[in-house]
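Colleague: To be precise about what I am sending: the file is called final_32.cif and holds mmCIF, C-alpha atoms.
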```cif
data_protein
#
loop_
_atom_site.group_PDB
_atom_site.id
_atom_site.type_symbol
_atom_site.label_atom_id
_atom_site.label_comp_id
_atom_site.auth_asym_id
_atom_site.auth_seq_id
_atom_site.Cartn_x
_atom_site.Cartn_y
_atom_site.Cartn_z
ATOM 1 C CA MET A 1 29.994 -21.382 -12.648
ATOM 2 C CA ILE A 2 32.564 -19.065 -14.238
ATOM 3 C CA GLY A 3 30.608 -18.926 -17.507
ATOM 4 C CA THR A 4 27.354 -18.200 -15.697
ATOM 5 C CA LEU A 5 28.855 -15.385 -13.647
ATOM 6 C CA THR A 6 30.505 -13.977 -16.755
ATOM 7 C CA LEU A 7 27.148 -13.893 -18.529
ATOM 8 C CA VAL A 8 25.479 -12.137 -15.573
ATOM 9 C CA VAL A 9 28.287 -9.558 -15.481
ATOM 10 C CA VAL A 10 27.967 -8.987 -19.241
ATOM 11 C CA PHE A 11 24.234 -8.272 -18.976
ATOM 12 C CA MET A 12 24.762 -6.034 -15.947
ATOM 13 C CA THR A 13 27.413 -4.105 -17.894
ATOM 14 C CA LEU A 14 25.021 -3.812 -20.822
ATOM 15 C CA ALA A 15 22.376 -2.396 -18.477
ATOM 16 C CA TYR A 16 24.822 0.081 -16.935
ATOM 17 C CA ARG A 17 26.063 1.310 -20.303
ATOM 18 C CA GLY A 18 22.548 1.573 -21.754
ATOM 19 C CA TYR A 19 21.244 3.626 -18.844
ATOM 20 C CA ARG A 20 24.382 5.769 -18.944
ATOM 21 C CA ILE A 21 23.749 6.506 -22.625
ATOM 22 C CA ALA A 22 20.168 7.456 -21.794
ATOM 23 C CA ALA A 23 21.250 9.738 -18.954
ATOM 24 C CA ARG A 24 23.704 11.641 -21.154
ATOM 25 C CA CYS A 25 21.348 12.014 -24.105
ATOM 26 C CA HIS A 26 20.154 15.515 -24.976
ATOM 27 C CA ASP A 27 17.086 14.458 -26.966
ATOM 28 C CA PRO A 28 14.189 13.264 -24.736
ATOM 29 C CA PHE A 29 12.890 10.829 -27.375
ATOM 30 C CA ALA A 30 16.318 9.240 -27.803
ATOM 31 C CA ALA A 31 16.719 9.004 -24.026
ATOM 32 C CA LEU A 32 13.375 7.218 -23.677
ATOM 33 C CA MET A 33 14.248 4.937 -26.583
ATOM 34 C CA ALA A 34 17.574 4.042 -24.928
ATOM 35 C CA ILE A 35 15.826 3.341 -21.608
ATOM 36 C CA GLY A 36 13.240 1.163 -23.329
ATOM 37 C CA ILE A 37 15.764 -0.869 -25.308
ATOM 38 C CA THR A 38 18.036 -1.353 -22.310
ATOM 39 C CA SER A 39 15.141 -2.371 -20.061
ATOM 40 C CA TRP A 40 13.768 -4.737 -22.682
ATOM 41 C CA ILE A 41 17.050 -6.592 -23.219
ATOM 42 C CA THR A 42 18.068 -6.783 -19.560
ATOM 43 C CA MET A 43 14.624 -7.732 -18.247
ATOM 44 C CA GLN A 44 14.337 -10.467 -20.845
ATOM 45 C CA ALA A 45 17.778 -11.770 -19.856
ATOM 46 C CA PHE A 46 17.105 -11.754 -16.121
ATOM 47 C CA LEU A 47 13.644 -13.271 -16.660
ATOM 48 C CA HIS A 48 15.275 -16.114 -18.601
ATOM 49 C CA MET A 49 17.879 -16.573 -15.877
ATOM 50 C CA ALA A 50 15.136 -16.720 -13.233
ATOM 51 C CA VAL A 51 13.325 -19.426 -15.236
ATOM 52 C CA VAL A 52 16.501 -21.476 -15.620
ATOM 53 C CA SER A 53 17.195 -21.259 -11.887
ATOM 54 C CA SER A 54 13.556 -22.317 -11.136
ATOM 55 C CA LEU A 55 12.634 -19.092 -9.360
ATOM 56 C CA ILE A 56 9.606 -18.491 -11.616
ATOM 57 C CA PRO A 57 7.568 -20.727 -13.943
ATOM 58 C CA TYR A 58 8.548 -21.271 -17.564
ATOM 59 C CA THR A 59 7.731 -18.272 -19.787
ATOM 60 C CA GLY A 60 9.189 -19.179 -23.177
ATOM 61 C CA GLN A 61 11.495 -16.155 -23.366
ATOM 62 C CA THR A 62 14.848 -16.578 -25.064
ATOM 63 C CA LEU A 63 18.135 -15.382 -23.646
ATOM 64 C CA PRO A 64 19.103 -12.351 -25.757
ATOM 65 C CA PHE A 65 22.018 -12.970 -28.159
ATOM 66 C CA ILE A 66 22.528 -16.535 -26.841
ATOM 67 C CA SER A 67 19.411 -18.720 -27.167
ATOM 68 C CA TYR A 68 18.239 -20.159 -30.445
ATOM 69 C CA GLY A 69 15.572 -18.068 -32.147
ATOM 70 C CA GLY A 70 15.952 -16.204 -35.414
ATOM 71 C CA THR A 71 13.393 -13.468 -34.815
ATOM 72 C CA SER A 72 14.558 -12.840 -31.267
ATOM 73 C CA LEU A 73 18.169 -12.564 -32.371
ATOM 74 C CA ALA A 74 17.264 -10.236 -35.246
ATOM 75 C CA MET A 75 15.243 -7.919 -32.992
ATOM 76 C CA CYS A 76 17.950 -7.833 -30.315
ATOM 77 C CA LEU A 77 20.597 -6.999 -32.904
ATOM 78 C CA TRP A 78 18.345 -4.294 -34.379
ATOM 79 C CA ALA A 79 17.794 -2.820 -30.905
ATOM 80 C CA MET A 80 21.536 -2.792 -30.192
ATOM 81 C CA GLY A 81 22.089 -1.016 -33.506
ATOM 82 C CA VAL A 82 19.613 1.688 -32.503
ATOM 83 C CA LEU A 83 21.251 1.990 -29.073
ATOM 84 C CA LEU A 84 24.696 2.306 -30.676
ATOM 85 C CA ASN A 85 23.354 4.984 -33.020
ATOM 86 C CA ILE A 86 22.003 6.910 -30.026
ATOM 87 C CA SER A 87 25.345 6.571 -28.243
ATOM 88 C CA LYS A 88 27.132 7.911 -31.320
ATOM 89 C CA HIS A 89 25.333 11.238 -30.880
ATOM 90 C CA VAL A 90 25.900 11.509 -27.123
ATOM 91 C CA HIS A 91 28.787 13.646 -25.970
ATOM 92 C CA GLU A 92 30.856 12.624 -22.968
ATOM 93 C CA GLN A 93 30.449 16.026 -21.339
ATOM 94 C CA SER A 94 27.407 16.610 -19.192
ATOM 95 C CA PRO A 95 24.813 18.829 -20.887
ATOM 96 C CA GLU A 96 24.829 22.505 -20.017
ATOM 97 C CA PRO A 97 21.637 23.937 -18.529
ATOM 98 C CA VAL A 98 19.341 25.469 -21.110
ATOM 99 C CA VAL A 99 18.427 29.072 -20.389
ATOM 100 C CA SER A 100 14.953 30.048 -21.495
ATOM 101 C CA PRO A 101 14.635 33.119 -23.738
ATOM 102 C CA VAL A 102 11.882 34.363 -21.415
ATOM 103 C CA VAL A 103 14.320 34.467 -18.509
ATOM 104 C CA GLU A 104 16.855 36.388 -20.617
ATOM 105 C CA ARG A 105 14.336 39.118 -21.484
ATOM 106 C CA ARG A 106 13.363 39.783 -17.881
ATOM 107 C CA ARG A 107 16.903 40.695 -16.864
#
```
In structure tokens, how does this file's structure come out?
Modeller:
Amino acid sequence: MIGTLTLVVVFMTLAYRGYRIAARCHDPFAALMAIGITSWITMQAFLHMAVVSSLIPYTGQTLPFISYGGTSLAMCLWAMGVLLNISKHVHEQSPEPVVSPVVERRR
């Protein structure tokens, strides 16, 4: 039970951190990429957990970073590398509002 709850907390923390990275990102493409990667990993994990607990029928999805599967593990590690690269370029301060040059000219 302790191991199962630890795994659920780890994936929830991963989801929180991934969405936090996306929210603080200045580049819209990088923000969408972070949202997509985070959603992909967490949805796959919670789908696998629902199958194991018999809430939904068997789907054949692996548990990210845990279950056996070379291609799945490689793609999850690649996605985490991209997410870490996005987080490297995110500053901890909230972004300042961008003032349009058109607004500046009217004043």
Colleague: Using only C-alpha atoms, can you tell me which of A:Met80, A:Met49, A:Arg20, A:Leu5 comes closest to A:Ile37?
Modeller: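 Closest to A:Ile37 of all the choices is A:Met80.
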Colleague: So how many Å separate atom CA of A:Phe29 and atom CA of A:Ile86, to one decimal?
Modeller: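 According to the coordinates, atom CA of A:Phe29 and atom CA of A:Ile86 are separated by 10.3 Å.
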Colleague: I want to know what sits within 12 Å of A:Leu7, based on only C-alpha atoms, with residues of the same chain fewer than 6 positions away left out; could you give that as a PDB file with C-alpha atoms, in the coordinates of the input?
Modeller:
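Produced file result_33.pdb, reproduced below:
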```
ATOM      1  CA  MET A   1      29.994 -21.382 -12.648  1.00  0.00           C
ATOM      2  CA  THR A  13      27.413  -4.105 -17.894  1.00  0.00           C
ATOM      3  CA  LEU A  14      25.021  -3.812 -20.822  1.00  0.00           C
ATOM      4  CA  THR A  42      18.068  -6.783 -19.560  1.00  0.00           C
ATOM      5  CA  ALA A  45      17.778 -11.770 -19.856  1.00  0.00           C
ATOM      6  CA  PHE A  46      17.105 -11.754 -16.121  1.00  0.00           C
ATOM      7  CA  MET A  49      17.879 -16.573 -15.877  1.00  0.00           C
ATOM      8  CA  LEU A  63      18.135 -15.382 -23.646  1.00  0.00           C
ATOM      9  CA  PRO A  64      19.103 -12.351 -25.757  1.00  0.00           C
ATOM     10  CA  PHE A  65      22.018 -12.970 -28.159  1.00  0.00           C
ATOM     11  CA  ILE A  66      22.528 -16.535 -26.841  1.00  0.00           C
TER      12      ILE A  66
END
```
Colleague: Name the closest residue to A:Gly36 among the candidates A:Gly18, A:Gly70, A:Gly60, A:Gly81; distances are taken between atoms, counting only C-alpha atoms.
Modeller: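 Using only C-alpha atoms, the shortest distance to A:Gly36 belongs to A:Gly18.
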Colleague: For the atom pair atom CA of A:Trp40 and atom CA of A:His89, what is the interatomic distance in Å to one decimal place?
Modeller: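 Atom CA of A:His89 lies at a distance of 21.4 Å from atom CA of A:Trp40.
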Colleague: Determine, counting all atoms listed in the file, which protein, DNA and RNA residues have an atom within 12 Å of an atom of A:Asn85; residues of the same chain fewer than 3 positions away are not included. Present the result as a VMD selection string.
Modeller: chain A and resid 18 21 to 22 25 30 to 31 33 to 34 78 to 82 88 to 90
Colleague: Selected residues, C-alpha atoms, written as a PDB file, in the coordinates of the input, please.
Modeller:
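Now in out-v1.pdb:
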```pdb
ATOM      1  CA  GLY A  18      22.548   1.573 -21.754  1.00  0.00           C
ATOM      2  CA  ILE A  21      23.749   6.506 -22.625  1.00  0.00           C
ATOM      3  CA  ALA A  22      20.168   7.456 -21.794  1.00  0.00           C
ATOM      4  CA  CYS A  25      21.348  12.014 -24.105  1.00  0.00           C
ATOM      5  CA  ALA A  30      16.318   9.240 -27.803  1.00  0.00           C
ATOM      6  CA  ALA A  31      16.719   9.004 -24.026  1.00  0.00           C
ATOM      7  CA  MET A  33      14.248   4.937 -26.583  1.00  0.00           C
ATOM      8  CA  ALA A  34      17.574   4.042 -24.928  1.00  0.00           C
ATOM      9  CA  TRP A  78      18.345  -4.294 -34.379  1.00  0.00           C
ATOM     10  CA  ALA A  79      17.794  -2.820 -30.905  1.00  0.00           C
ATOM     11  CA  MET A  80      21.536  -2.792 -30.192  1.00  0.00           C
ATOM     12  CA  GLY A  81      22.089  -1.016 -33.506  1.00  0.00           C
ATOM     13  CA  VAL A  82      19.613   1.688 -32.503  1.00  0.00           C
ATOM     14  CA  LYS A  88      27.132   7.911 -31.320  1.00  0.00           C
ATOM     15  CA  HIS A  89      25.333  11.238 -30.880  1.00  0.00           C
ATOM     16  CA  VAL A  90      25.900  11.509 -27.123  1.00  0.00           C
TER      17      VAL A  90
END
```
Colleague: Need to verify the contact set: A:Tyr58, 10 Å, all atoms listed in the file, exclusion of same-chain residues closer than 6 positions in sequence. Can you return it as a PyMOL selection string?
Modeller: chain A and resi 47-48+50-52
Colleague: Which residues come within 8 Å of A:Ser39, counting all atoms listed in the file, excluding same-chain residues fewer than 4 positions away, as a short mmCIF file (atom, residue, chain, number, x, y, z; two decimals) with C-alpha atoms, in the frame of the given file?
Modeller:
```cif
data_model
loop_
_atom_site.label_atom_id
_atom_site.label_comp_id
_atom_site.auth_asym_id
_atom_site.auth_seq_id
_atom_site.Cartn_x
_atom_site.Cartn_y
_atom_site.Cartn_z
CA ALA A 15 22.38 -2.40 -18.48
CA ILE A 35 15.83 3.34 -21.61
CA MET A 43 14.62 -7.73 -18.25
#
```
Colleague: Between atom CA of A:Ile41 and atom CA of A:Phe11, what distance in Å does the model show, to one decimal?
Modeller: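 Value for the atom CA of A:Ile41-atom CA of A:Phe11 distance: 8.5 Å.
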Colleague: Draw an axis-aligned box over all listed atoms of stretch 76-88 of chain A, pad each side with 8 Å, and write its centre and edge lengths in Å, one decimal, as JSON.
Modeller:
```
{"center_x": 22.5, "center_y": 0.0, "center_z": -31.3, "size_x": 25.3, "size_y": 31.7, "size_z": 22.1}
```
Colleague: Complete stretch 55-76 of chain A with N, CA and C atoms (output as a PDB file, in the frame of the given file).
Modeller:
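See selection.pdb below for the written result:
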```pdb
ATOM      1  N   LEU A  55      13.232 -20.069 -10.258  1.00  0.00           N
ATOM      2  CA  LEU A  55      12.634 -19.092  -9.360  1.00  0.00           C
ATOM      3  C   LEU A  55      11.217 -18.727  -9.783  1.00  0.00           C
ATOM      4  N   ILE A  56      10.945 -18.775 -11.088  1.00  0.00           N
ATOM      5  CA  ILE A  56       9.606 -18.491 -11.616  1.00  0.00           C
ATOM      6  C   ILE A  56       9.249 -19.567 -12.630  1.00  0.00           C
ATOM      7  N   PRO A  57       7.962 -19.712 -12.963  1.00  0.00           N
ATOM      8  CA  PRO A  57       7.568 -20.727 -13.943  1.00  0.00           C
ATOM      9  C   PRO A  57       8.082 -20.400 -15.347  1.00  0.00           C
ATOM     10  N   TYR A  58       8.068 -21.394 -16.191  1.00  0.00           N
ATOM     11  CA  TYR A  58       8.548 -21.271 -17.564  1.00  0.00           C
ATOM     12  C   TYR A  58       7.734 -20.238 -18.327  1.00  0.00           C
ATOM     13  N   THR A  59       8.417 -19.332 -19.043  1.00  0.00           N
ATOM     14  CA  THR A  59       7.731 -18.272 -19.787  1.00  0.00           C
ATOM     15  C   THR A  59       7.932 -18.361 -21.288  1.00  0.00           C
ATOM     16  N   GLY A  60       8.940 -19.055 -21.752  1.00  0.00           N
ATOM     17  CA  GLY A  60       9.189 -19.179 -23.177  1.00  0.00           C
ATOM     18  C   GLY A  60      10.059 -18.074 -23.745  1.00  0.00           C
ATOM     19  N   GLN A  61      10.613 -17.226 -22.908  1.00  0.00           N
ATOM     20  CA  GLN A  61      11.495 -16.155 -23.366  1.00  0.00           C
ATOM     21  C   GLN A  61      12.876 -16.722 -23.696  1.00  0.00           C
ATOM     22  N   THR A  62      13.492 -16.158 -24.718  1.00  0.00           N
ATOM     23  CA  THR A  62      14.848 -16.578 -25.064  1.00  0.00           C
ATOM     24  C   THR A  62      15.848 -15.684 -24.357  1.00  0.00           C
ATOM     25  N   LEU A  63      17.052 -16.187 -24.208  1.00  0.00           N
ATOM     26  CA  LEU A  63      18.135 -15.382 -23.646  1.00  0.00           C
ATOM     27  C   LEU A  63      18.709 -14.540 -24.780  1.00  0.00           C
ATOM     28  N   PRO A  64      18.662 -13.205 -24.651  1.00  0.00           N
ATOM     29  CA  PRO A  64      19.103 -12.351 -25.757  1.00  0.00           C
ATOM     30  C   PRO A  64      20.536 -12.650 -26.192  1.00  0.00           C
ATOM     31  N   PHE A  65      20.738 -12.750 -27.493  1.00  0.00           N
ATOM     32  CA  PHE A  65      22.018 -12.970 -28.159  1.00  0.00           C
ATOM     33  C   PHE A  65      22.578 -14.374 -27.962  1.00  0.00           C
ATOM     34  N   ILE A  66      21.966 -15.219 -27.139  1.00  0.00           N
ATOM     35  CA  ILE A  66      22.528 -16.535 -26.841  1.00  0.00           C
ATOM     36  C   ILE A  66      21.594 -17.656 -27.310  1.00  0.00           C
ATOM     37  N   SER A  67      20.342 -17.631 -26.874  1.00  0.00           N
ATOM     38  CA  SER A  67      19.411 -18.720 -27.167  1.00  0.00           C
ATOM     39  C   SER A  67      19.042 -18.772 -28.640  1.00  0.00           C
ATOM     40  N   TYR A  68      18.638 -19.948 -29.065  1.00  0.00           N
ATOM     41  CA  TYR A  68      18.239 -20.159 -30.445  1.00  0.00           C
ATOM     42  C   TYR A  68      16.900 -19.474 -30.685  1.00  0.00           C
ATOM     43  N   GLY A  69      16.804 -18.748 -31.751  1.00  0.00           N
ATOM     44  CA  GLY A  69      15.572 -18.068 -32.147  1.00  0.00           C
ATOM     45  C   GLY A  69      15.924 -16.974 -33.124  1.00  0.00           C
ATOM     46  N   GLY A  70      15.551 -17.148 -34.377  1.00  0.00           N
ATOM     47  CA  GLY A  70      15.952 -16.204 -35.414  1.00  0.00           C
ATOM     48  C   GLY A  70      15.350 -14.825 -35.245  1.00  0.00           C
ATOM     49  N   THR A  71      14.051 -14.758 -34.953  1.00  0.00           N
ATOM     50  CA  THR A  71      13.393 -13.468 -34.815  1.00  0.00           C
ATOM     51  C   THR A  71      13.885 -12.739 -33.578  1.00  0.00           C
ATOM     52  N   SER A  72      14.064 -13.454 -32.493  1.00  0.00           N
ATOM     53  CA  SER A  72      14.558 -12.840 -31.267  1.00  0.00           C
ATOM     54  C   SER A  72      15.953 -12.275 -31.466  1.00  0.00           C
ATOM     55  N   LEU A  73      16.809 -13.028 -32.115  1.00  0.00           N
ATOM     56  CA  LEU A  73      18.169 -12.564 -32.371  1.00  0.00           C
ATOM     57  C   LEU A  73      18.167 -11.338 -33.284  1.00  0.00           C
ATOM     58  N   ALA A  74      17.328 -11.369 -34.319  1.00  0.00           N
ATOM     59  CA  ALA A  74      17.264 -10.236 -35.246  1.00  0.00           C
ATOM     60  C   ALA A  74      16.780  -8.973 -34.538  1.00  0.00           C
ATOM     61  N   MET A  75      15.776  -9.085 -33.701  1.00  0.00           N
ATOM     62  CA  MET A  75      15.243  -7.919 -32.992  1.00  0.00           C
ATOM     63  C   MET A  75      16.234  -7.383 -31.953  1.00  0.00           C
ATOM     64  N   CYS A  76      16.937  -8.273 -31.282  1.00  0.00           N
ATOM     65  CA  CYS A  76      17.950  -7.833 -30.315  1.00  0.00           C
ATOM     66  C   CYS A  76      19.105  -7.129 -31.014  1.00  0.00           C
TER      67      CYS A  76
END
```
